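Asker: The structure is given below, and queries will be raised subsequently.
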There are 2 protein chains.
Amino acid sequence: MRLAELSERSGVSPATIKYYLREQLLQPGVLVTTKQAEYGEEHLRRLRLVRALIQIGRIPVATAREVLTAIQSDDLDQNLRLGIAVRSLPPGPEPEPGDPAVAEARREAALLADEIGWSFESLPEAPHRTLIAALGTLARLGYPYDAAHLAPYARAAAELARHELDVVEEYETPLEQVEAAVALTVLYEPVLLSLRRLAQAKESGRRYGEDCPPEGGRPETL
Amino acid sequence: MRLAELSERSGVSPATIKYYLREQLLQPGVLVTTKQAEYGEEHLRRLRLVRALIQIGRIPVATAREVLTAIQSDDLDQNLRLGIAVRSLPPGPEPEPGDPAVAEARREAALLADEIGWSFESLPEAPHRTLIAALGTLARLGYPYDAAHLAPYARAAAELARHELDVVEEYETPLEQVEAAVALTVLYEPVLLSLRRLAQAKESGRRYGEDCPPEGGRPETL
(Lines give C-alpha, C1' and ligand atoms only; values in the text may rest on other atoms or scores of the structure.)
Protein backbone atom coordinates (compact mmCIF):
# COMPACT_ATOMS: atom_id res chain seq x y z
CA MET A 1 0.00 0.00 0.00
CA ARG A 2 1.03 3.62 -0.50
CA LEU A 3 1.56 6.18 2.28
CA ALA A 4 -1.99 7.54 1.89
CA GLU A 5 -3.53 4.12 2.51
CA LEU A 6 -1.17 3.40 5.40
CA SER A 7 -2.30 6.70 6.91
CA GLU A 8 -5.98 5.90 6.39
CA ARG A 9 -5.78 2.38 7.80
CA SER A 10 -3.68 3.37 10.82
CA GLY A 11 -5.42 6.66 11.60
CA VAL A 12 -1.98 8.32 11.75
CA SER A 13 -1.55 11.45 9.60
CA PRO A 14 0.92 11.31 6.67
CA ALA A 15 3.01 14.05 8.32
CA THR A 16 3.32 11.98 11.52
CA ILE A 17 4.20 8.85 9.53
CA LYS A 18 6.96 10.80 7.74
CA TYR A 19 8.22 12.00 11.13
CA TYR A 20 8.32 8.41 12.45
CA LEU A 21 10.22 7.38 9.29
CA ARG A 22 12.79 10.16 9.80
CA GLU A 23 13.16 9.20 13.47
CA GLN A 24 13.63 5.54 12.48
CA LEU A 25 10.66 4.44 14.55
CA LEU A 26 9.16 2.97 11.38
CA GLN A 27 11.20 0.91 8.91
CA PRO A 28 11.37 2.44 5.38
CA GLY A 29 9.03 1.12 2.69
CA VAL A 30 10.21 -0.48 -0.53
CA LEU A 31 10.87 2.19 -3.19
CA VAL A 32 8.75 1.58 -6.30
CA THR A 33 9.66 4.85 -8.03
CA THR A 34 12.26 7.38 -6.94
CA LYS A 35 9.55 9.22 -5.03
CA GLN A 36 7.08 6.53 -3.96
CA ALA A 37 7.44 3.71 -1.49
CA GLU A 38 5.25 0.69 -0.88
CA TYR A 39 4.29 -0.34 2.66
CA GLY A 40 3.07 -3.68 4.00
CA GLU A 41 1.14 -5.12 6.95
CA GLU A 42 4.35 -5.05 9.01
CA HIS A 43 4.37 -1.25 8.72
CA LEU A 44 0.78 -1.05 9.89
CA ARG A 45 1.58 -3.27 12.87
CA ARG A 46 4.66 -1.26 13.72
CA LEU A 47 2.68 2.01 13.54
CA ARG A 48 0.22 0.63 16.10
CA LEU A 49 3.05 -0.27 18.42
CA VAL A 50 4.71 3.15 18.01
CA ARG A 51 1.42 4.84 18.92
CA ALA A 52 0.98 2.55 21.94
CA LEU A 53 4.46 3.45 23.17
CA ILE A 54 4.42 7.19 22.44
CA GLN A 55 0.78 8.24 22.82
CA ILE A 56 -0.38 5.88 25.54
CA GLY A 57 2.88 4.94 27.28
CA ARG A 58 4.14 8.56 26.94
CA ILE A 59 7.57 7.19 26.17
CA PRO A 60 10.15 9.60 24.70
CA VAL A 61 11.01 9.07 21.03
CA ALA A 62 14.61 8.06 21.83
CA THR A 63 13.45 5.39 24.30
CA ALA A 64 10.84 4.08 21.86
CA ARG A 65 13.63 3.73 19.27
CA GLU A 66 15.67 1.64 21.75
CA VAL A 67 12.71 -0.64 22.48
CA LEU A 68 12.03 -1.11 18.76
CA THR A 69 15.69 -1.84 18.03
CA ALA A 70 15.73 -4.51 20.74
CA ILE A 71 12.63 -6.09 19.27
CA GLN A 72 14.15 -6.36 15.82
CA SER A 73 17.54 -7.91 16.58
CA ASP A 74 17.19 -11.28 14.88
CA ASP A 75 20.30 -12.75 16.51
CA LEU A 76 18.73 -12.74 19.99
CA ASP A 77 16.43 -15.49 21.17
CA GLN A 78 12.83 -14.79 22.12
CA ASN A 79 13.41 -14.55 25.86
CA LEU A 80 16.29 -12.11 25.46
CA ARG A 81 14.31 -9.94 23.04
CA LEU A 82 11.32 -9.89 25.38
CA GLY A 83 13.56 -9.17 28.35
CA ILE A 84 15.40 -6.32 26.66
CA ALA A 85 12.21 -4.82 25.25
CA VAL A 86 10.28 -4.87 28.52
CA ARG A 87 13.32 -3.68 30.46
CA SER A 88 13.75 -0.80 28.02
CA LEU A 89 10.26 0.47 28.82
CA PRO A 90 10.65 3.48 31.08
CA PRO A 91 10.70 2.48 34.74
CA GLY A 92 9.05 4.39 37.54
CA PRO A 93 11.00 6.54 39.97
CA GLU A 94 14.46 5.31 41.02
CA PRO A 95 15.27 4.49 44.67
CA GLU A 96 17.47 7.01 46.47
CA PRO A 97 20.81 5.43 47.41
CA GLY A 98 21.66 5.59 51.11
CA ASP A 99 18.02 5.87 52.17
CA PRO A 100 17.43 3.45 55.09
CA ALA A 101 13.87 2.84 53.82
CA VAL A 102 15.42 1.53 50.59
CA ALA A 103 17.69 -0.93 52.41
CA GLU A 104 14.61 -2.20 54.27
CA ALA A 105 12.72 -2.43 50.97
CA ARG A 106 15.51 -4.58 49.49
CA ARG A 107 15.32 -6.97 52.43
CA GLU A 108 11.53 -7.29 52.16
CA ALA A 109 11.69 -7.74 48.39
CA ALA A 110 14.19 -10.57 48.90
CA LEU A 111 11.87 -12.21 51.47
CA LEU A 112 9.01 -11.83 49.01
CA ALA A 113 11.10 -13.45 46.27
CA ASP A 114 11.79 -16.41 48.58
CA GLU A 115 8.14 -16.69 49.52
CA ILE A 116 6.89 -16.92 45.94
CA GLY A 117 9.87 -18.81 44.54
CA TRP A 118 11.26 -16.03 42.35
CA SER A 119 14.93 -15.25 42.14
CA PHE A 120 15.35 -11.50 41.78
CA GLU A 121 18.98 -11.85 40.67
CA SER A 122 17.89 -13.38 37.38
CA LEU A 123 15.23 -10.77 36.74
CA PRO A 124 15.49 -7.52 34.75
CA GLU A 125 16.88 -4.73 36.85
CA ALA A 126 14.60 -1.83 35.90
CA PRO A 127 11.26 -3.11 37.28
CA HIS A 128 13.14 -4.42 40.31
CA ARG A 129 14.46 -0.91 41.01
CA THR A 130 10.96 0.52 40.53
CA LEU A 131 9.62 -1.98 43.05
CA ILE A 132 12.33 -1.07 45.59
CA ALA A 133 11.59 2.65 45.09
CA ALA A 134 7.84 2.12 45.53
CA LEU A 135 8.37 0.08 48.71
CA GLY A 136 10.83 2.69 50.02
CA THR A 137 8.15 5.36 49.56
CA LEU A 138 5.60 3.28 51.48
CA ALA A 139 7.99 2.94 54.42
CA ARG A 140 9.05 6.60 54.32
CA LEU A 141 5.43 7.76 54.39
CA GLY A 142 4.73 5.56 57.40
CA TYR A 143 2.68 2.80 55.75
CA PRO A 144 4.18 -0.44 57.01
CA TYR A 145 4.35 -3.48 54.73
CA ASP A 146 6.05 -6.85 54.76
CA ALA A 147 6.48 -9.80 52.43
CA ALA A 148 3.13 -11.25 53.57
CA HIS A 149 1.37 -7.98 52.59
CA LEU A 150 3.06 -8.05 49.21
CA ALA A 151 2.58 -11.72 48.34
CA PRO A 152 -1.00 -11.31 47.01
CA TYR A 153 0.24 -8.67 44.54
CA ALA A 154 3.08 -10.93 43.38
CA ARG A 155 0.72 -13.88 43.02
CA ALA A 156 -1.78 -11.79 41.03
CA ALA A 157 1.09 -10.55 38.82
CA ALA A 158 2.32 -14.12 38.22
CA GLU A 159 -1.19 -15.24 37.29
CA LEU A 160 -1.59 -12.32 34.87
CA ALA A 161 1.84 -12.93 33.31
CA ARG A 162 0.86 -16.50 32.44
CA HIS A 163 -2.37 -15.28 30.86
CA GLU A 164 -0.54 -12.47 29.03
CA LEU A 165 2.06 -14.76 27.46
CA ASP A 166 -0.74 -17.11 26.39
CA VAL A 167 -2.38 -14.16 24.62
CA VAL A 168 0.95 -13.13 23.07
CA GLU A 169 1.53 -16.67 21.77
CA GLU A 170 -1.65 -16.38 19.71
CA TYR A 171 0.34 -14.05 17.44
CA GLU A 172 2.01 -15.86 14.57
CA THR A 173 5.67 -14.91 14.22
CA PRO A 174 8.26 -14.32 16.97
CA LEU A 175 8.51 -10.65 15.89
CA GLU A 176 4.74 -10.14 16.10
CA GLN A 177 4.80 -11.83 19.52
CA VAL A 178 7.46 -9.48 20.90
CA GLU A 179 5.66 -6.46 19.40
CA ALA A 180 2.39 -7.56 21.01
CA ALA A 181 4.12 -8.23 24.35
CA VAL A 182 5.50 -4.68 24.48
CA ALA A 183 2.25 -3.04 23.32
CA LEU A 184 0.07 -5.07 25.70
CA THR A 185 2.41 -4.41 28.64
CA VAL A 186 1.84 -0.68 28.15
CA LEU A 187 -1.83 -0.77 27.07
CA TYR A 188 -3.07 -3.04 29.87
CA GLU A 189 -1.62 -0.89 32.67
CA PRO A 190 -4.64 1.49 32.72
CA VAL A 191 -6.97 -1.53 32.28
CA LEU A 192 -5.52 -3.21 35.36
CA LEU A 193 -5.46 -0.03 37.48
CA SER A 194 -9.05 0.94 36.65
CA LEU A 195 -10.30 -2.61 37.33
CA ARG A 196 -8.52 -2.48 40.69
CA ARG A 197 -10.38 0.72 41.63
CA LEU A 198 -13.67 -0.77 40.46
CA ALA A 199 -12.99 -3.89 42.50
CA GLN A 200 -12.19 -1.79 45.58
CA ALA A 201 -15.49 0.06 45.24
CA LYS A 202 -17.31 -3.24 44.74
CA GLU A 203 -15.65 -4.81 47.80
CA SER A 204 -16.31 -1.71 49.89
CA GLY A 205 -19.97 -1.88 48.86
CA ARG A 206 -20.09 -5.54 49.83
CA ARG A 207 -18.63 -4.86 53.27
CA TYR A 208 -20.12 -1.52 54.26
CA GLY A 209 -23.37 -1.24 52.31
CA GLU A 210 -24.64 -1.71 48.83
CA ASP A 211 -25.21 1.95 47.98
CA CYS A 212 -22.74 3.90 45.98
CA PRO A 213 -22.67 7.69 45.72
CA PRO A 214 -24.00 9.08 42.45
CA GLU A 215 -21.85 11.20 40.16
CA GLY A 216 -20.70 14.59 41.40
CA GLY A 217 -20.82 14.60 45.17
CA ARG A 218 -23.01 13.53 48.03
CA PRO A 219 -25.90 11.22 47.40
CA GLU A 220 -29.37 12.76 47.26
CA THR A 221 -30.70 10.24 49.75
CA LEU A 222 -28.78 11.90 52.60
CA MET B 1 4.06 18.71 69.27
CA ARG B 2 5.17 22.02 67.75
CA LEU B 3 5.63 22.73 64.04
CA ALA B 4 9.38 21.99 64.23
CA GLU B 5 8.78 18.50 65.62
CA LEU B 6 5.97 17.83 63.12
CA SER B 7 8.42 18.78 60.39
CA GLU B 8 11.16 16.55 61.78
CA ARG B 9 8.92 13.52 62.27
CA SER B 10 7.23 13.83 58.87
CA GLY B 11 10.28 14.81 56.85
CA VAL B 12 8.25 17.72 55.40
CA SER B 13 9.86 21.17 55.64
CA PRO B 14 8.19 23.82 57.86
CA ALA B 15 7.61 26.01 54.76
CA THR B 16 5.77 23.17 52.99
CA ILE B 17 3.71 22.42 56.11
CA LYS B 18 2.69 26.10 56.26
CA TYR B 19 1.76 25.94 52.59
CA TYR B 20 -0.42 22.85 53.20
CA LEU B 21 -2.08 24.67 56.13
CA ARG B 22 -2.84 27.72 53.94
CA GLU B 23 -4.21 25.44 51.21
CA GLN B 24 -6.39 23.64 53.79
CA LEU B 25 -4.80 20.29 52.99
CA LEU B 26 -3.80 20.03 56.65
CA GLN B 27 -6.22 20.85 59.46
CA PRO B 28 -5.02 23.74 61.73
CA GLY B 29 -3.34 22.91 65.06
CA VAL B 30 -4.67 24.00 68.44
CA LEU B 31 -3.43 27.50 69.31
CA VAL B 32 -1.51 27.50 72.62
CA THR B 33 -0.29 31.09 72.36
CA THR B 34 -1.30 33.70 69.77
CA LYS B 35 1.61 32.60 67.65
CA GLN B 36 2.14 28.92 68.42
CA ALA B 37 0.00 25.93 67.61
CA GLU B 38 0.14 22.39 68.89
CA TYR B 39 -0.11 19.43 66.51
CA GLY B 40 -1.05 15.80 67.16
CA GLU B 41 -0.66 12.35 65.64
CA GLU B 42 -3.63 13.07 63.37
CA HIS B 43 -1.61 15.88 61.76
CA LEU B 44 1.32 13.56 61.16
CA ARG B 45 -0.96 10.97 59.58
CA ARG B 46 -2.64 13.57 57.40
CA LEU B 47 0.76 14.90 56.26
CA ARG B 48 1.71 11.40 55.09
CA LEU B 49 -1.49 11.11 53.11
CA VAL B 50 -1.01 14.56 51.55
CA ARG B 51 2.49 13.57 50.44
CA ALA B 52 1.21 10.27 49.03
CA LEU B 53 -1.42 12.12 47.01
CA ILE B 54 0.68 15.06 45.81
CA GLN B 55 4.23 13.70 45.51
CA ILE B 56 3.54 10.10 44.52
CA GLY B 57 0.07 10.30 42.99
CA ARG B 58 0.95 13.66 41.33
CA ILE B 59 -2.52 14.88 42.14
CA PRO B 60 -3.20 18.63 41.80
CA VAL B 61 -3.65 20.51 45.09
CA ALA B 62 -7.31 21.32 44.36
CA THR B 63 -8.11 17.64 43.73
CA ALA B 64 -6.25 16.55 46.85
CA ARG B 65 -8.37 19.04 48.83
CA GLU B 66 -11.55 17.44 47.42
CA VAL B 67 -10.37 13.95 48.36
CA LEU B 68 -9.49 15.09 51.89
CA THR B 69 -12.84 16.86 52.30
CA ALA B 70 -14.67 13.68 51.27
CA ILE B 71 -12.66 11.67 53.79
CA GLN B 72 -13.60 13.96 56.63
CA SER B 73 -17.35 14.26 56.22
CA ASP B 74 -18.57 12.56 59.38
CA ASP B 75 -22.16 12.40 58.22
CA LEU B 76 -21.40 9.87 55.48
CA ASP B 77 -21.11 6.17 56.15
CA GLN B 78 -17.87 4.30 55.54
CA ASN B 79 -18.79 2.97 52.10
CA LEU B 80 -19.86 6.39 50.85
CA ARG B 81 -16.69 8.01 52.18
CA LEU B 82 -14.50 5.34 50.59
CA GLY B 83 -16.44 5.57 47.33
CA ILE B 84 -16.25 9.34 47.13
CA ALA B 85 -12.59 9.41 48.08
CA VAL B 86 -11.50 6.75 45.60
CA ARG B 87 -13.69 8.25 42.88
CA SER B 88 -12.16 11.66 43.52
CA LEU B 89 -8.69 10.31 42.74
CA PRO B 90 -7.78 11.52 39.28
CA PRO B 91 -8.87 9.10 36.59
CA GLY B 92 -6.91 8.18 33.51
CA PRO B 93 -7.78 9.54 30.06
CA GLU B 94 -11.46 9.99 29.23
CA PRO B 95 -13.14 8.08 26.39
CA GLU B 96 -13.94 10.13 23.28
CA PRO B 97 -17.70 10.32 22.71
CA GLY B 98 -18.89 9.07 19.33
CA ASP B 99 -15.84 6.84 18.85
CA PRO B 100 -17.09 3.42 17.62
CA ALA B 101 -14.24 1.75 19.56
CA VAL B 102 -15.74 3.22 22.74
CA ALA B 103 -19.21 1.80 22.00
CA GLU B 104 -17.59 -1.61 21.50
CA ALA B 105 -15.63 -1.16 24.75
CA ARG B 106 -18.87 -0.46 26.64
CA ARG B 107 -20.41 -3.65 25.30
CA GLU B 108 -17.37 -5.75 26.27
CA ALA B 109 -17.17 -4.15 29.71
CA ALA B 110 -20.83 -5.05 30.26
CA LEU B 111 -20.14 -8.65 29.20
CA LEU B 112 -17.16 -8.69 31.56
CA ALA B 113 -19.35 -7.38 34.39
CA ASP B 114 -21.84 -10.20 33.75
CA GLU B 115 -19.08 -12.79 33.63
CA ILE B 116 -17.62 -11.87 36.99
CA GLY B 117 -20.88 -10.92 38.66
CA TRP B 118 -20.26 -7.17 39.00
CA SER B 119 -22.89 -4.62 38.25
CA PHE B 120 -21.21 -1.60 36.67
CA GLU B 121 -24.26 0.61 37.24
CA SER B 122 -23.66 0.55 40.98
CA LEU B 123 -19.96 1.29 40.67
CA PRO B 124 -18.15 4.65 40.74
CA GLU B 125 -18.21 6.31 37.36
CA ALA B 126 -14.62 7.60 37.13
CA PRO B 127 -12.70 4.26 37.07
CA HIS B 128 -15.43 2.87 34.82
CA ARG B 129 -14.80 5.68 32.30
CA THR B 130 -11.03 5.06 32.53
CA LEU B 131 -11.61 1.38 31.80
CA ILE B 132 -13.78 2.21 28.77
CA ALA B 133 -11.13 4.64 27.48
CA ALA B 134 -8.33 2.09 27.93
CA LEU B 135 -10.33 -0.60 26.12
CA GLY B 136 -11.23 1.86 23.34
CA THR B 137 -7.50 2.54 22.85
CA LEU B 138 -6.75 -1.18 22.59
CA ALA B 139 -9.38 -1.60 19.86
CA ARG B 140 -8.32 1.56 18.00
CA LEU B 141 -4.70 0.42 17.94
CA GLY B 142 -5.73 -2.95 16.52
CA TYR B 143 -5.21 -5.14 19.59
CA PRO B 144 -8.36 -7.24 19.86
CA TYR B 145 -9.74 -8.14 23.28
CA ASP B 146 -12.95 -9.60 24.64
CA ALA B 147 -14.51 -10.29 28.02
CA ALA B 148 -12.64 -13.62 28.26
CA HIS B 149 -9.30 -11.80 27.78
CA LEU B 150 -10.24 -9.30 30.45
CA ALA B 151 -11.64 -11.69 33.06
CA PRO B 152 -8.23 -12.64 34.55
CA TYR B 153 -7.51 -8.94 35.20
CA ALA B 154 -10.88 -8.46 36.87
CA ARG B 155 -10.41 -11.59 38.99
CA ALA B 156 -6.93 -10.46 40.04
CA ALA B 157 -8.33 -7.03 40.91
CA ALA B 158 -11.16 -8.56 42.97
CA GLU B 159 -8.67 -10.75 44.85
CA LEU B 160 -6.44 -7.74 45.57
CA ALA B 161 -9.39 -5.60 46.68
CA ARG B 162 -10.32 -8.19 49.33
CA HIS B 163 -6.73 -8.24 50.57
CA GLU B 164 -6.52 -4.43 50.50
CA LEU B 165 -9.66 -3.89 52.56
CA ASP B 166 -8.39 -6.50 55.04
CA VAL B 167 -5.20 -4.45 55.39
CA VAL B 168 -7.21 -1.21 55.71
CA GLU B 169 -9.36 -2.74 58.46
CA GLU B 170 -6.24 -3.20 60.58
CA TYR B 171 -6.34 0.58 61.11
CA GLU B 172 -8.24 1.59 64.20
CA THR B 173 -10.75 4.35 63.48
CA PRO B 174 -13.00 4.79 60.43
CA LEU B 175 -11.13 8.01 59.55
CA GLU B 176 -7.75 6.25 59.67
CA GLN B 177 -9.20 3.45 57.55
CA VAL B 178 -10.41 5.81 54.83
CA GLU B 179 -7.08 7.69 54.91
CA ALA B 180 -5.17 4.42 54.55
CA ALA B 181 -7.47 3.23 51.75
CA VAL B 182 -6.79 6.36 49.71
CA ALA B 183 -3.03 6.37 50.38
CA LEU B 184 -2.63 2.65 49.66
CA THR B 185 -4.68 2.90 46.47
CA VAL B 186 -2.16 5.43 45.16
CA LEU B 187 1.01 3.97 46.69
CA TYR B 188 0.44 0.37 45.56
CA GLU B 189 -0.07 1.26 41.90
CA PRO B 190 3.70 1.30 41.15
CA VAL B 191 4.14 -1.81 43.35
CA LEU B 192 1.57 -3.71 41.29
CA LEU B 193 2.87 -2.50 37.92
CA SER B 194 6.51 -3.31 38.70
CA LEU B 195 5.59 -6.77 40.03
CA ARG B 196 3.65 -7.37 36.80
CA ARG B 197 6.75 -6.57 34.72
CA LEU B 198 8.91 -8.78 36.96
CA ALA B 199 6.38 -11.60 36.62
CA GLN B 200 6.35 -11.21 32.82
CA ALA B 201 10.14 -11.50 32.72
CA LYS B 202 10.01 -14.51 35.01
CA GLU B 203 7.33 -16.22 32.92
CA SER B 204 9.20 -15.41 29.70
CA GLY B 205 12.33 -16.99 31.22
CA ARG B 206 10.36 -20.07 32.20
CA ARG B 207 8.96 -20.50 28.68
CA TYR B 208 11.79 -19.43 26.43
CA GLY B 209 14.98 -20.00 28.41
CA GLU B 210 16.30 -19.29 31.86
CA ASP B 211 18.84 -16.63 30.94
CA CYS B 212 18.13 -12.97 31.29
CA PRO B 213 20.13 -10.22 29.65
CA PRO B 214 22.52 -8.37 31.95
CA GLU B 215 22.12 -4.64 32.53
CA GLY B 216 22.72 -2.31 29.61
CA GLY B 217 22.40 -4.29 26.42
CA ARG B 218 23.09 -7.66 24.89
CA PRO B 219 24.30 -10.49 27.05
CA GLU B 220 28.00 -11.32 27.05
CA THR B 221 27.33 -14.97 26.32
CA LEU B 222 26.26 -14.17 22.76
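Following the order of the C-alpha coordinates, first chain is A, next is B, and so on, with residues numbered from 1 inside each chain and ligands from 1 in the order they appear.
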Determine, counting only C-alpha atoms, which protein, DNA and RNA residues have an atom within 6 Å of an atom of region 36-53 of chain B; residues of the same chain fewer than 6 positions away are not included. Present the result as an mmCIF file with N, CA, C and O atoms, in the first residue's frame.
Answerer:
data_model
loop_
_atom_site.group_PDB
_atom_site.id
_atom_site.type_symbol
_atom_site.label_atom_id
_atom_site.label_comp_id
_atom_site.auth_asym_id
_atom_site.auth_seq_id
_atom_site.Cartn_x
_atom_site.Cartn_y
_atom_site.Cartn_z
ATOM 1 N N LEU A 141 6.677 7.059 54.078
ATOM 2 C CA LEU A 141 5.428 7.765 54.390
ATOM 3 C C LEU A 141 4.701 7.135 55.577
ATOM 4 O O LEU A 141 3.610 7.552 55.934
ATOM 5 N N MET B 1 2.714 18.328 69.732
ATOM 6 C CA MET B 1 4.056 18.715 69.274
ATOM 7 C C MET B 1 3.983 20.053 68.531
ATOM 8 O O MET B 1 2.937 20.436 68.022
ATOM 9 N N ARG B 2 5.114 20.764 68.484
ATOM 10 C CA ARG B 2 5.173 22.021 67.747
ATOM 11 C C ARG B 2 5.474 21.758 66.268
ATOM 12 O O ARG B 2 5.860 20.657 65.890
ATOM 13 N N GLY B 29 -3.616 23.414 63.716
ATOM 14 C CA GLY B 29 -3.338 22.909 65.057
ATOM 15 C C GLY B 29 -4.131 23.697 66.091
ATOM 16 O O GLY B 29 -4.860 24.628 65.752
ATOM 17 N N VAL B 30 -3.984 23.289 67.348
ATOM 18 C CA VAL B 30 -4.666 23.997 68.437
ATOM 19 C C VAL B 30 -3.754 25.118 68.918
ATOM 20 O O VAL B 30 -2.599 24.874 69.284
ATOM 21 N N ILE B 59 -1.153 14.372 42.198
ATOM 22 C CA ILE B 59 -2.516 14.875 42.139
ATOM 23 C C ILE B 59 -2.470 16.384 42.379
ATOM 24 O O ILE B 59 -1.771 16.844 43.273
ATOM 25 N N ALA B 183 -4.490 6.371 50.540
ATOM 26 C CA ALA B 183 -3.031 6.368 50.385
ATOM 27 C C ALA B 183 -2.558 5.068 49.736
ATOM 28 O O ALA B 183 -1.734 5.079 48.817
#
Asker: For chain B, which residues have at least one atom within 7 Å of chain A, if we go by only C-alpha atoms? Write them as a VMD selection string, please.
Answerer: chain B and resid 48 78 to 80 83 to 84 122 to 125 127 to 128 130 to 131 134 138 141 to 142 152 to 154 156 to 158 160 to 162 187 190 to 192 194 to 205 208 to 209 212 to 213 215
Asker: Which value, in Å to one decimal, gives the distance between CA of Ala113 (chain B) and CA of Ala151 (chain B)?
Answerer: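 Between CA of Ala113 (chain B) and CA of Ala151 (chain B) the gap is 8.9 Å.
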Asker: One decimal, in Å: what's the spacing between CA of Ala105 (chain A) and CA of Asp146 (chain A)?
Answerer: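 Pair CA of Ala105 (chain A) / CA of Asp146 (chain A) returns 8.9 Å.
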Asker: Which of region 6-114 of chain A counts as alpha helix (DSSP H) under DSSP, as a PyMOL selection string please?
Answerer: chain A and resi 6-10+14-22+41-51+61-72+78-88+100-114
Asker: Write out as a list in words which residues come within 10 Å of Glu115 (chain B) when counting only C-alpha atoms, dropping same-chain ones fewer than 4 positions away.
Answerer: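 Result of the neighbour search: Ala109, Ala110, Leu111, Ala147, Ala148, Ala151 and Ala154 of chain B.
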Asker: Rounded to one decimal, what separation in Å do you get between CA of Glu169 (chain B) and CA of Val67 (chain B)?
Answerer: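 We find that CA of Glu169 (chain B) and CA of Val67 (chain B) lie 19.5 Å from each other.
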Asker: Which residue is closest to Leu31 (chain A)? Choose from A:Thr173, A:Leu3, A:Arg9, A:Val182 and count only C-alpha atoms.
Answerer: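 Of A:Thr173, A:Leu3, A:Arg9, A:Val182, the one nearest Leu31 (chain A) is A:Leu3, counting only C-alpha atoms.
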Asker: In chain B, what's strand (DSSP E or B) per DSSP? Answer as a list in words?
Answerer: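 These are the residues in question: Val30, Leu31, Ala37 and Glu38 of chain B.
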